[in-house]
Structure formats: C-alpha cells, structure tokens
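work_9.tsv (TSV, C-alpha atoms and all ligand atoms) appears below.
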```
chain	number	residue	atom	x	y	z
A	28	MET	CA	-13.71	-36.46	-48.57
A	29	SER	CA	-11.83	-39.71	-49.09
A	30	THR	CA	-9.75	-39.97	-52.22
A	31	ALA	CA	-9.20	-43.73	-51.81
A	32	TYR	CA	-10.82	-44.33	-55.18
A	33	LEU	CA	-7.90	-42.40	-56.71
A	34	ARG	CA	-5.41	-45.09	-55.68
A	35	PHE	CA	-5.07	-46.05	-59.32
A	36	LEU	CA	-3.31	-42.69	-59.94
A	37	GLY	CA	-0.46	-43.58	-57.57
A	38	ASP	CA	2.85	-43.52	-59.44
A	39	GLN	CA	1.11	-42.71	-62.74
A	40	HIS	CA	2.47	-39.94	-64.96
A	41	VAL	CA	-0.44	-37.51	-65.27
A	42	LEU	CA	0.00	-34.71	-67.80
A	43	ILE	CA	-2.50	-31.85	-67.62
A	44	THR	CA	-2.72	-29.07	-70.18
A	45	GLY	CA	-4.13	-25.98	-68.48
A	46	GLY	CA	-2.86	-27.45	-65.21
A	47	SER	CA	-1.81	-24.07	-63.80
A	48	SER	CA	-5.31	-22.81	-63.00
A	49	GLY	CA	-8.95	-23.59	-62.29
A	50	ILE	CA	-10.20	-27.09	-63.07
A	51	GLY	CA	-6.78	-28.23	-64.36
A	52	LEU	CA	-5.05	-27.16	-61.14
A	53	ALA	CA	-7.73	-28.80	-58.99
A	54	LEU	CA	-7.24	-32.04	-60.96
A	55	ALA	CA	-3.47	-31.72	-60.46
A	56	LEU	CA	-3.78	-31.20	-56.70
A	57	GLN	CA	-6.02	-34.25	-56.29
A	58	ALA	CA	-3.76	-36.37	-58.50
A	59	ALA	CA	-0.72	-35.27	-56.45
A	60	GLU	CA	-2.52	-36.29	-53.25
A	61	ALA	CA	-3.05	-39.70	-54.82
A	62	GLY	CA	0.70	-40.02	-55.52
A	63	ALA	CA	0.83	-39.23	-59.26
A	64	ARG	CA	3.86	-37.76	-60.99
A	65	LEU	CA	2.67	-34.55	-62.61
A	66	SER	CA	3.42	-32.54	-65.71
A	67	LEU	CA	1.60	-29.24	-66.06
A	68	VAL	CA	1.49	-27.45	-69.42
A	69	ALA	CA	0.31	-23.86	-69.96
A	70	ARG	CA	1.61	-20.60	-71.42
A	71	ASP	CA	2.37	-18.39	-68.43
A	72	GLU	CA	5.51	-19.49	-66.57
A	73	GLY	CA	4.60	-17.42	-63.49
A	74	LYS	CA	1.23	-19.16	-63.11
A	75	LEU	CA	2.87	-22.55	-63.63
A	76	THR	CA	5.45	-21.83	-60.92
A	77	ALA	CA	2.71	-20.69	-58.54
A	78	ALA	CA	0.68	-23.85	-59.28
A	79	ARG	CA	3.72	-26.04	-58.63
A	80	GLY	CA	4.28	-24.17	-55.34
A	81	ALA	CA	0.64	-24.71	-54.30
A	82	ILE	CA	0.91	-28.44	-55.04
A	83	LEU	CA	4.22	-28.83	-53.17
A	84	GLU	CA	2.78	-26.97	-50.19
A	85	LYS	CA	0.04	-29.61	-49.93
A	86	CYS	CA	2.13	-32.57	-51.05
A	87	PRO	CA	5.82	-31.82	-50.31
A	88	LYS	CA	7.00	-35.08	-51.89
A	89	ALA	CA	5.11	-34.59	-55.17
A	90	ALA	CA	7.11	-34.72	-58.41
A	91	VAL	CA	5.85	-31.78	-60.46
A	92	LEU	CA	7.28	-30.73	-63.81
A	93	THR	CA	6.08	-27.58	-65.53
A	94	ALA	CA	6.43	-26.83	-69.24
A	95	THR	CA	5.36	-23.72	-71.13
A	96	ALA	CA	3.53	-24.16	-74.42
A	97	ASP	CA	0.64	-22.64	-76.31
A	98	VAL	CA	-1.48	-25.72	-77.02
A	99	ALA	CA	-2.63	-24.12	-80.27
A	100	VAL	CA	0.93	-24.54	-81.63
A	101	GLN	CA	1.63	-28.19	-82.45
A	102	SER	CA	5.42	-27.90	-82.33
A	103	ALA	CA	5.24	-26.26	-78.88
A	104	VAL	CA	2.97	-29.04	-77.61
A	105	LEU	CA	5.34	-31.71	-78.93
A	106	ALA	CA	8.35	-30.03	-77.27
A	107	ALA	CA	6.51	-29.88	-73.92
A	108	LEU	CA	5.45	-33.54	-74.16
A	109	THR	CA	9.00	-34.63	-75.03
A	110	GLU	CA	10.36	-32.80	-71.99
A	111	ALA	CA	7.65	-34.23	-69.73
A	112	GLU	CA	8.31	-37.82	-70.89
A	113	ARG	CA	12.08	-37.35	-70.59
A	114	VAL	CA	11.64	-36.47	-66.91
A	115	HIS	CA	8.66	-38.58	-65.82
A	116	GLY	CA	8.55	-41.38	-68.41
A	117	PRO	CA	5.60	-42.19	-70.70
A	118	VAL	CA	2.38	-40.32	-70.00
A	119	ASP	CA	-0.19	-42.68	-68.42
A	120	VAL	CA	-3.04	-40.20	-68.10
A	121	LEU	CA	-3.49	-37.16	-70.34
A	122	VAL	CA	-5.96	-34.45	-69.34
A	123	THR	CA	-6.70	-31.66	-71.79
A	124	SER	CA	-8.08	-28.80	-69.70
A	125	ALA	CA	-6.48	-25.81	-71.48
A	126	GLY	CA	-9.29	-23.77	-72.92
A	127	VAL	CA	-10.58	-20.30	-73.69
A	128	ALA	CA	-14.06	-18.78	-73.73
A	129	GLN	CA	-15.11	-15.33	-74.85
A	130	PRO	CA	-18.88	-15.08	-74.93
A	131	GLY	CA	-20.73	-12.31	-76.72
A	132	TYR	CA	-23.43	-11.49	-79.24
A	133	PHE	CA	-22.69	-13.21	-82.58
A	134	GLU	CA	-22.59	-9.94	-84.57
A	135	GLU	CA	-20.17	-8.34	-82.12
A	136	VAL	CA	-17.59	-11.14	-81.84
A	137	PRO	CA	-14.79	-10.93	-84.44
A	138	VAL	CA	-14.03	-14.01	-86.55
A	139	ALA	CA	-10.58	-14.14	-84.90
A	140	VAL	CA	-12.27	-15.13	-81.61
A	141	PHE	CA	-14.04	-18.04	-83.34
A	142	ALA	CA	-10.71	-19.13	-84.86
A	143	ARG	CA	-8.90	-18.90	-81.53
A	144	ALA	CA	-11.58	-20.97	-79.78
A	145	MET	CA	-11.13	-23.76	-82.33
A	146	ALA	CA	-7.33	-23.44	-82.25
A	147	VAL	CA	-7.06	-23.72	-78.45
A	148	ASN	CA	-10.10	-25.80	-77.45
A	149	TYR	CA	-10.20	-28.25	-80.36
A	150	PHE	CA	-6.73	-28.36	-81.95
A	151	GLY	CA	-5.11	-27.77	-78.55
A	152	THR	CA	-6.76	-31.04	-77.49
A	153	LEU	CA	-6.13	-32.88	-80.75
A	154	TYR	CA	-2.35	-32.25	-80.81
A	155	PRO	CA	-1.51	-33.96	-77.48
A	156	LEU	CA	-3.96	-36.79	-78.28
A	157	LYS	CA	-2.32	-37.39	-81.67
A	158	ALA	CA	1.09	-37.39	-80.01
A	159	LEU	CA	0.28	-39.69	-77.08
A	160	VAL	CA	-2.55	-42.07	-78.00
A	161	PRO	CA	-0.52	-44.21	-80.45
A	162	ALA	CA	2.12	-44.99	-77.80
A	163	MET	CA	-0.62	-45.71	-75.23
A	164	ARG	CA	-2.18	-48.17	-77.69
A	165	GLN	CA	1.18	-49.85	-78.18
A	166	ARG	CA	1.61	-50.22	-74.43
A	167	GLY	CA	-1.98	-51.46	-74.18
A	168	ARG	CA	-2.87	-49.03	-71.40
A	169	GLY	CA	-3.47	-45.37	-70.66
A	170	ALA	CA	-6.28	-42.85	-70.34
A	171	VAL	CA	-7.21	-39.55	-71.91
A	172	VAL	CA	-9.60	-37.08	-70.30
A	173	LEU	CA	-11.07	-34.27	-72.41
A	174	ILE	CA	-12.60	-31.26	-70.66
A	175	SER	CA	-15.51	-30.08	-72.79
A	176	SER	CA	-18.39	-28.01	-71.33
A	177	GLY	CA	-22.14	-27.97	-70.87
A	178	ALA	CA	-21.95	-25.83	-74.01
A	179	GLY	CA	-20.62	-28.95	-75.74
A	180	LEU	CA	-23.92	-30.71	-75.10
A	181	CYS	CA	-26.30	-28.06	-76.36
A	182	GLY	CA	-25.95	-24.69	-78.07
A	183	ILE	CA	-26.35	-21.75	-75.69
A	184	PHE	CA	-27.12	-18.09	-76.39
A	185	GLY	CA	-23.88	-16.05	-76.42
A	186	TYR	CA	-21.55	-19.02	-76.94
A	187	THR	CA	-21.38	-19.02	-80.76
A	188	PRO	CA	-17.54	-19.08	-80.75
A	189	TYR	CA	-17.17	-21.46	-77.78
A	190	ALA	CA	-19.92	-24.07	-78.18
A	191	PRO	CA	-18.76	-25.32	-81.62
A	192	SER	CA	-15.24	-25.89	-80.28
A	193	LYS	CA	-16.65	-27.90	-77.35
A	194	PHE	CA	-19.09	-29.78	-79.63
A	195	ALA	CA	-16.05	-30.68	-81.74
A	196	LEU	CA	-14.49	-32.33	-78.68
A	197	ARG	CA	-17.61	-34.42	-78.26
A	198	GLY	CA	-17.38	-35.62	-81.86
A	199	LEU	CA	-13.70	-36.38	-81.41
A	200	ALA	CA	-14.22	-38.25	-78.14
A	201	GLU	CA	-17.18	-40.29	-79.39
A	202	SER	CA	-15.37	-41.27	-82.60
A	203	LEU	CA	-12.08	-42.04	-80.88
A	204	ARG	CA	-13.82	-44.01	-78.10
A	205	ALA	CA	-15.10	-46.41	-80.72
A	206	GLU	CA	-11.57	-46.89	-82.09
A	207	LEU	CA	-10.12	-47.47	-78.63
A	208	VAL	CA	-12.49	-50.26	-77.59
A	209	GLY	CA	-10.43	-53.29	-76.59
A	210	THR	CA	-7.07	-51.48	-76.77
A	211	GLY	CA	-6.65	-50.91	-73.03
A	212	VAL	CA	-6.74	-47.13	-73.58
A	213	ARG	CA	-9.68	-45.33	-72.03
A	214	ILE	CA	-11.23	-42.03	-72.94
A	215	VAL	CA	-13.42	-39.79	-70.81
A	216	ILE	CA	-15.17	-36.58	-71.80
A	217	VAL	CA	-16.27	-34.13	-69.11
A	218	TYR	CA	-19.05	-31.55	-69.51
A	219	PRO	CA	-18.68	-29.13	-66.57
A	220	PRO	CA	-21.36	-26.56	-65.76
A	221	ASP	CA	-20.36	-23.00	-64.70
A	222	THR	CA	-17.35	-23.42	-62.39
A	223	LEU	CA	-15.75	-20.78	-60.17
A	224	THR	CA	-12.41	-20.22	-61.93
A	225	PRO	CA	-10.48	-17.30	-63.45
A	226	GLN	CA	-11.94	-18.27	-66.85
A	227	LEU	CA	-15.49	-17.83	-65.58
A	228	ALA	CA	-14.54	-14.45	-64.09
A	229	ALA	CA	-13.12	-13.39	-67.48
A	230	GLU	CA	-16.22	-14.72	-69.28
A	231	ASN	CA	-18.46	-12.68	-67.03
A	232	LEU	CA	-16.87	-9.51	-68.41
A	233	THR	CA	-18.41	-10.07	-71.87
A	234	LYS	CA	-21.25	-12.51	-71.13
A	235	PRO	CA	-24.63	-11.37	-72.49
A	236	LEU	CA	-27.32	-11.09	-69.83
A	237	GLU	CA	-29.31	-13.80	-71.64
A	238	THR	CA	-26.36	-16.22	-71.30
A	239	ARG	CA	-26.14	-15.57	-67.56
A	240	ALA	CA	-29.88	-16.19	-67.14
A	241	ILE	CA	-29.72	-19.49	-69.04
A	242	THR	CA	-26.54	-20.94	-67.51
A	243	ALA	CA	-27.67	-20.06	-63.96
A	244	GLY	CA	-29.99	-23.10	-64.20
A	245	ALA	CA	-27.08	-25.56	-63.92
A	246	GLY	CA	-25.73	-23.95	-60.71
A	247	LEU	CA	-22.21	-22.87	-59.86
A	248	TRP	CA	-19.59	-25.49	-59.12
A	249	THR	CA	-16.17	-25.33	-57.51
A	250	ALA	CA	-13.15	-26.52	-59.48
A	251	GLU	CA	-12.48	-29.06	-56.72
A	252	ALA	CA	-15.94	-30.62	-57.09
A	253	VAL	CA	-15.59	-30.81	-60.89
A	254	ALA	CA	-12.14	-32.39	-60.47
A	255	ARG	CA	-13.51	-34.97	-58.02
A	256	ALA	CA	-16.35	-35.87	-60.39
A	257	THR	CA	-13.79	-36.20	-63.21
A	258	TRP	CA	-11.40	-38.53	-61.36
A	259	GLU	CA	-14.33	-40.47	-60.00
A	260	GLY	CA	-15.70	-40.87	-63.52
A	261	LEU	CA	-12.33	-42.16	-64.73
A	262	ALA	CA	-12.01	-44.50	-61.75
A	263	ARG	CA	-15.49	-45.93	-62.41
A	264	GLY	CA	-14.89	-46.47	-66.10
A	265	ARG	CA	-17.36	-43.79	-67.27
A	266	PHE	CA	-17.07	-42.41	-70.79
A	267	SER	CA	-19.11	-39.26	-70.20
A	268	VAL	CA	-18.94	-37.20	-66.99
A	269	THR	CA	-21.67	-34.65	-66.37
A	270	PRO	CA	-21.33	-33.02	-62.93
A	271	GLY	CA	-24.73	-32.35	-61.37
A	272	LEU	CA	-28.30	-33.34	-62.17
A	273	PRO	CA	-29.12	-30.64	-64.77
A	274	LEU	CA	-26.17	-31.59	-67.00
A	275	SER	CA	-26.71	-35.31	-66.48
A	276	ALA	CA	-30.32	-34.89	-67.57
A	277	LEU	CA	-29.18	-32.75	-70.50
A	278	ALA	CA	-26.72	-35.41	-71.63
A	279	TRP	CA	-29.39	-38.14	-71.49
A	280	LEU	CA	-32.30	-36.24	-72.87
A	281	HIS	CA	-30.83	-33.57	-75.11
A	282	SER	CA	-31.86	-34.96	-78.46
A	283	VAL	CA	-35.36	-35.78	-77.27
A	284	ALA	CA	-35.67	-32.59	-75.28
A	285	ALA	CA	-34.03	-30.21	-77.80
A	286	PRO	CA	-37.28	-28.53	-78.93
A	287	ILE	CA	-38.39	-28.03	-75.30
A	288	LEU	CA	-34.95	-26.72	-74.34
A	289	ARG	CA	-34.95	-24.27	-77.23
A	290	TRP	CA	-38.39	-23.03	-76.19
A	291	SER	CA	-37.35	-22.75	-72.53
A	292	PHE	CA	-34.02	-21.02	-73.29
A	293	ASP	CA	-35.71	-18.55	-75.67
A	294	ARG	CA	-38.25	-17.71	-72.98
A	295	THR	CA	-35.52	-17.25	-70.32
A	296	ALA	CA	-33.58	-14.96	-72.70
A	297	ARG	CA	-36.74	-12.90	-73.39
A	298	GLN	CA	-37.53	-12.59	-69.70
A	299	ALA	CA	-33.93	-11.61	-68.86
A	300	ARG	CA	-34.16	-8.81	-71.43
A	301	VAL	CA	-37.51	-7.61	-70.05
A	302	VAL	CA	-36.08	-7.52	-66.50
A	303	ALA	CA	-32.94	-5.69	-67.69
A	304	ARG	CA	-35.02	-3.12	-69.63
A	305	ALA	CA	-37.29	-2.57	-66.62
A	306	ALA	CA	-34.25	-2.09	-64.36
A	307	THR	CA	-32.73	0.43	-66.83
A	308	ALA	CA	-36.02	2.34	-67.05
A	309	GLU	CA	-36.30	2.36	-63.23
A	310	GLY	CA	-32.70	3.63	-62.97
A	311	GLY	CA	-33.52	6.37	-65.50
A	312	ARG	CA	-36.60	7.47	-63.52
A	313	ARG	CA	-34.57	7.59	-60.29
A	314	GLY	CA	-31.85	9.62	-62.05
A	315	ARG	CA	-34.32	12.29	-63.09
B	401	LIG	N1	-14.99	-22.40	-65.62
B	401	LIG	C1	-16.09	-22.83	-66.21
B	401	LIG	O1	-17.21	-22.34	-65.91
B	401	LIG	C2	-16.02	-23.93	-67.23
B	401	LIG	C3	-17.23	-24.57	-67.58
B	401	LIG	C4	-17.19	-25.58	-68.53
B	401	LIG	C5	-15.99	-25.95	-69.11
B	401	LIG	N2	-14.83	-25.30	-68.74
B	401	LIG	C6	-13.61	-25.71	-69.40
B	401	LIG	O2	-12.69	-26.17	-68.43
B	401	LIG	C7	-11.35	-25.98	-68.88
B	401	LIG	C8	-10.57	-25.27	-67.81
B	401	LIG	O3	-11.13	-23.98	-67.63
B	401	LIG	P1	-11.01	-23.18	-66.27
B	401	LIG	O4	-12.33	-22.58	-66.02
B	401	LIG	O5	-10.33	-24.01	-65.25
B	401	LIG	O6	-10.08	-21.98	-66.77
B	401	LIG	P2	-8.80	-21.24	-66.15
B	401	LIG	O7	-8.85	-21.26	-64.67
B	401	LIG	O8	-8.73	-19.95	-66.86
B	401	LIG	O9	-7.60	-22.17	-66.63
B	401	LIG	C9	-7.32	-22.31	-67.98
B	401	LIG	C10	-5.97	-22.99	-68.10
B	401	LIG	O10	-5.69	-23.18	-69.48
B	401	LIG	C11	-4.44	-22.57	-69.78
B	401	LIG	N3	-4.48	-22.11	-71.16
B	401	LIG	C12	-5.35	-21.25	-71.73
B	401	LIG	N4	-5.06	-21.06	-73.03
B	401	LIG	C13	-3.98	-21.83	-73.28
B	401	LIG	C14	-3.19	-22.08	-74.42
B	401	LIG	N5	-3.45	-21.48	-75.58
B	401	LIG	N6	-2.14	-22.94	-74.32
B	401	LIG	C15	-1.86	-23.55	-73.14
B	401	LIG	N7	-2.57	-23.37	-72.03
B	401	LIG	C16	-3.61	-22.51	-72.09
B	401	LIG	C17	-4.28	-21.45	-68.75
B	401	LIG	O11	-2.94	-21.05	-68.54
B	401	LIG	P3	-2.23	-19.89	-69.40
B	401	LIG	O12	-3.22	-18.78	-69.52
B	401	LIG	O13	-1.00	-19.54	-68.64
B	401	LIG	O14	-1.91	-20.50	-70.72
B	401	LIG	C18	-4.84	-22.15	-67.53
B	401	LIG	O15	-3.87	-23.02	-66.98
B	401	LIG	C19	-11.48	-25.19	-70.19
B	401	LIG	O16	-11.34	-26.06	-71.27
B	401	LIG	C20	-12.87	-24.62	-70.11
B	401	LIG	O17	-13.40	-24.35	-71.39
B	401	LIG	C21	-14.84	-24.31	-67.82
```
I'd like the structure from this file rewritten - as structure tokens, please.
Amino acid sequence: MSTAYLRFLGDQHVLITGGSSGIGLALALQAAEAGARLSLVARDEGKLTAARGAILEKCPKAAVLTATADVAVQSAVLAALTEAERVHGPVDVLVTSAGVAQPGYFEEVPVAVFARAMAVNYFGTLYPLKALVPAMRQRGRGAVVLISSGAGLCGIFGYTPYAPSKFALRGLAESLRAELVGTGVRIVIVYPPDTLTPQLAAENLTKPLETRAITAGAGLWTAEAVARATWEGLARGRFSVTPGLPLSALAWLHSVAAPILRWSFDRTARQARVVARAATAEGGRRGR
C-alpha cells in the first residue's frame, strides 16, 4: 500500500509513547518509512532496543532515539521528553500509545488495577500533553494523537478498570480540541477495535467469556492496519479515527443507540454463558 499520504511526516520529529510494541511500533515503522525522526518511549530497554533494530532493518537511514520511562511517573516522562528534544529538536507529532488493560469481573479485580489503568492510560497521556502542547501552540503548529479504544466509546462487560481510563481520554481530547481550534495544533483521538498485539494476548489471559463474545463483533485488526488508519486520519484532518465499520457506526450512533446496544450486549453475554455452561456439562458427561 502506498504511504504517499504520509509525506507530511518527512523530517518531522515524531515521539511515540509505547513505541516499542504493538500499535505504537507499527506507527513508528510507518513514520520511519515516511522519513520522520523518531523518539520511542517505554519502560523496557530490551524491547526498545529490539524495536529500534526492527525499524533500522526496514529503514537503515532512520534516526531513532529510545528513552526509558514509566509514563505514569511525570518526572520520568519529562526527563525522556527533554532527552528526545535535545537530540531531535522540538516534537512535531506526539502519539500517546502506552497503555495497559487487565479485564476481569468487577468483584474480582483489585482497586490497584483500576488505579494503574488511570495512572498509565489517562495520566500517562496527560503528562506528555501538558509538557508539549504549550510549546506547540507557541510555534503555531504540531499534532497530538491519543490512542483510546472502542472501550472508550461505550462501556463493555469486563472492562470496568479499562473503559473509564479510555473514556477519560475522550473527555480530554474533546475538551482540548475546542481549546486548540485556530492555534495550528491538531488533535486526533483513535478508537481501535481488538488488535493483534502482545497487549491483546495478555488481556486474553483474564478476559471474561462475555467480553470475548461482545468484542468479537468488531473483528480483529492488525497493528499495521490500525496504524495506517491513524496516520491517514491525521493526514486527512480527522479529529476522531474509528477503524472499521462497527466502531465508526458506534462513534456516530452511540448515544442514540445506547439502549439497543445495552440490550444486545446483555443478550450476547447471556448466550455466551449458556454456551459455556453447556460445553462444561458436555465435558463432564464425556469425563464420566
Ligand atoms: N491491542 C488492542 O486490542 C487494543 C485495542 C484498543 C486500544 N488499544 C490501545 O492501544 C495502545 C497500544 O496497545 P497495544 O495493543 O499496541 O499494546 P502493546 O503491544 O502491549 O504495547 C504497549 C506499549 O506501551 C508500553 N507501556 C505499557 N505501560 C507503560 C508505562 N507504564 N510506561 C511506558 N510505556 C508503557 C509498552 O512497553 P513497556 O511494557 O516496555 O513499557 C509497549 O511499548 C494502548 O493504549 C491500548 O490500550 C489496544
């Protein structure tokens, strides 16, 4: 697929939190192909080094800086941004892709998991925005791209810790968008459906069967396809990016369709439980 529409990224400094894996890494690879200077921020130095290696293998001339930071720690974020701007100059495009998800039944998930979701997904997005947006406004140009989730558009069974943190990003993006009108700084919020990444694999370890049944409706995307939709959305001046028809429809119709969605999701959850119980009973009969 042609990436000509990404020409605008050429020679831009693109900083991606969570750029060492999954959607963040796919965004980094595509930005490198378009000629961007890259800064990748994440916690694990080994994963960052591997990501840098993968990018250089595809784009040997790419300028890729890596910086370790836990995005939930403001001072660590600021140190990483300072290092990135020292090497590559002011950040032109900020992407906040670092995120965590640990689904489960509400009663079984400890409060610490709720707190961590807000700390990483919400505050881990807020800190780099607070640090970089004022300078972008002063320069009169720049872009910020927030990676939310389909669970940031509508509450989903099993995502009680995750969905609020992704809803919070929506509130932040919508409010900040209004303040950025006419400043030359653009903001994009992305609501990916289930995407084949290490995070999804980890989620699947604790995901309730009802959650699987409900999210299956939006299909399974590759990180590359989500990254393409994201850059394309930015290139076309979109505010909201919803890869695929189900999420696009959800974004448009959610408020109107909320009662129908609740009814449909409840029914899917009930049916998933009935199927699981029948399978367990069948297994029991066979075992006897
Ligand atoms: N995969 C999906 O189905 C899906 C669907 C909708 C939305 N999303 C969202 O998309 C974003 C990317 O997810 P992904 O699926 O690509 O996950 P992933 O492959 O697991 O990548 C997550 C990235 O975030 C980094 N990260 C995690 N916690 C961090 C922290 N506290 N500080 C700094 N970096 C941190 C990870 O590196 P370290 O572990 O080394 O820090 C890694 O680079 C997330 O915000 C996620 O919620 C994913």
Worksheet entry | Selection as number ranges by chain: residues within 8 Å of ligand LIG 401 (chain B) by all atoms listed in the file | A: 44-52, 68-75, 95-99, 123-128, 146-148, 151, 174-178, 189, 193, 218-227, 229, 247-248, 250
Practice prompt. Please measure the separation of atom CA of A:Leu83 and atom CA of A:Val41, giving the value in Å to one decimal.
Written response: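 Value for the atom CA of A:Leu83-atom CA of A:Val41 distance: 15.6 Å.
One distance worth recording is that between atom CA of A:Arg300 and atom CA of A:Lys234, which is 13.4 Å.
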Practice prompt. Find the residue from A:Arg164, A:Asp38, A:Ala59, A:Leu156 that sits nearest to A:Ala78; use all atoms listed in the file when measuring.
Written response: A:Ala59
Discussion item. Please determine, counting all atoms listed in the file, which residue among A:Thr242, A:Gln57, A:Thr249, A:Gln298 has the shortest atom-to-atom distance to A:Leu274.
Written reply: A:Thr242
Worksheet item: For A:Ala77, which residue out of A:Val217, A:Ala106, A:Ile43, A:Val91 is the nearest one, using all atoms listed in the file?
Response: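 Smallest distance to A:Ala77 is found for A:Val91.
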Discussion item. Using all atoms listed in the file for the distances, tell me which of A:Ala162, A:Leu105, A:Ala205, A:Leu277 is nearest to A:Cys181.
Written reply: A:Leu277
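Computed from the coordinates, the atom CA of A:Arg197 to atom CA of A:Ala252 distance equals 21.6 Å.
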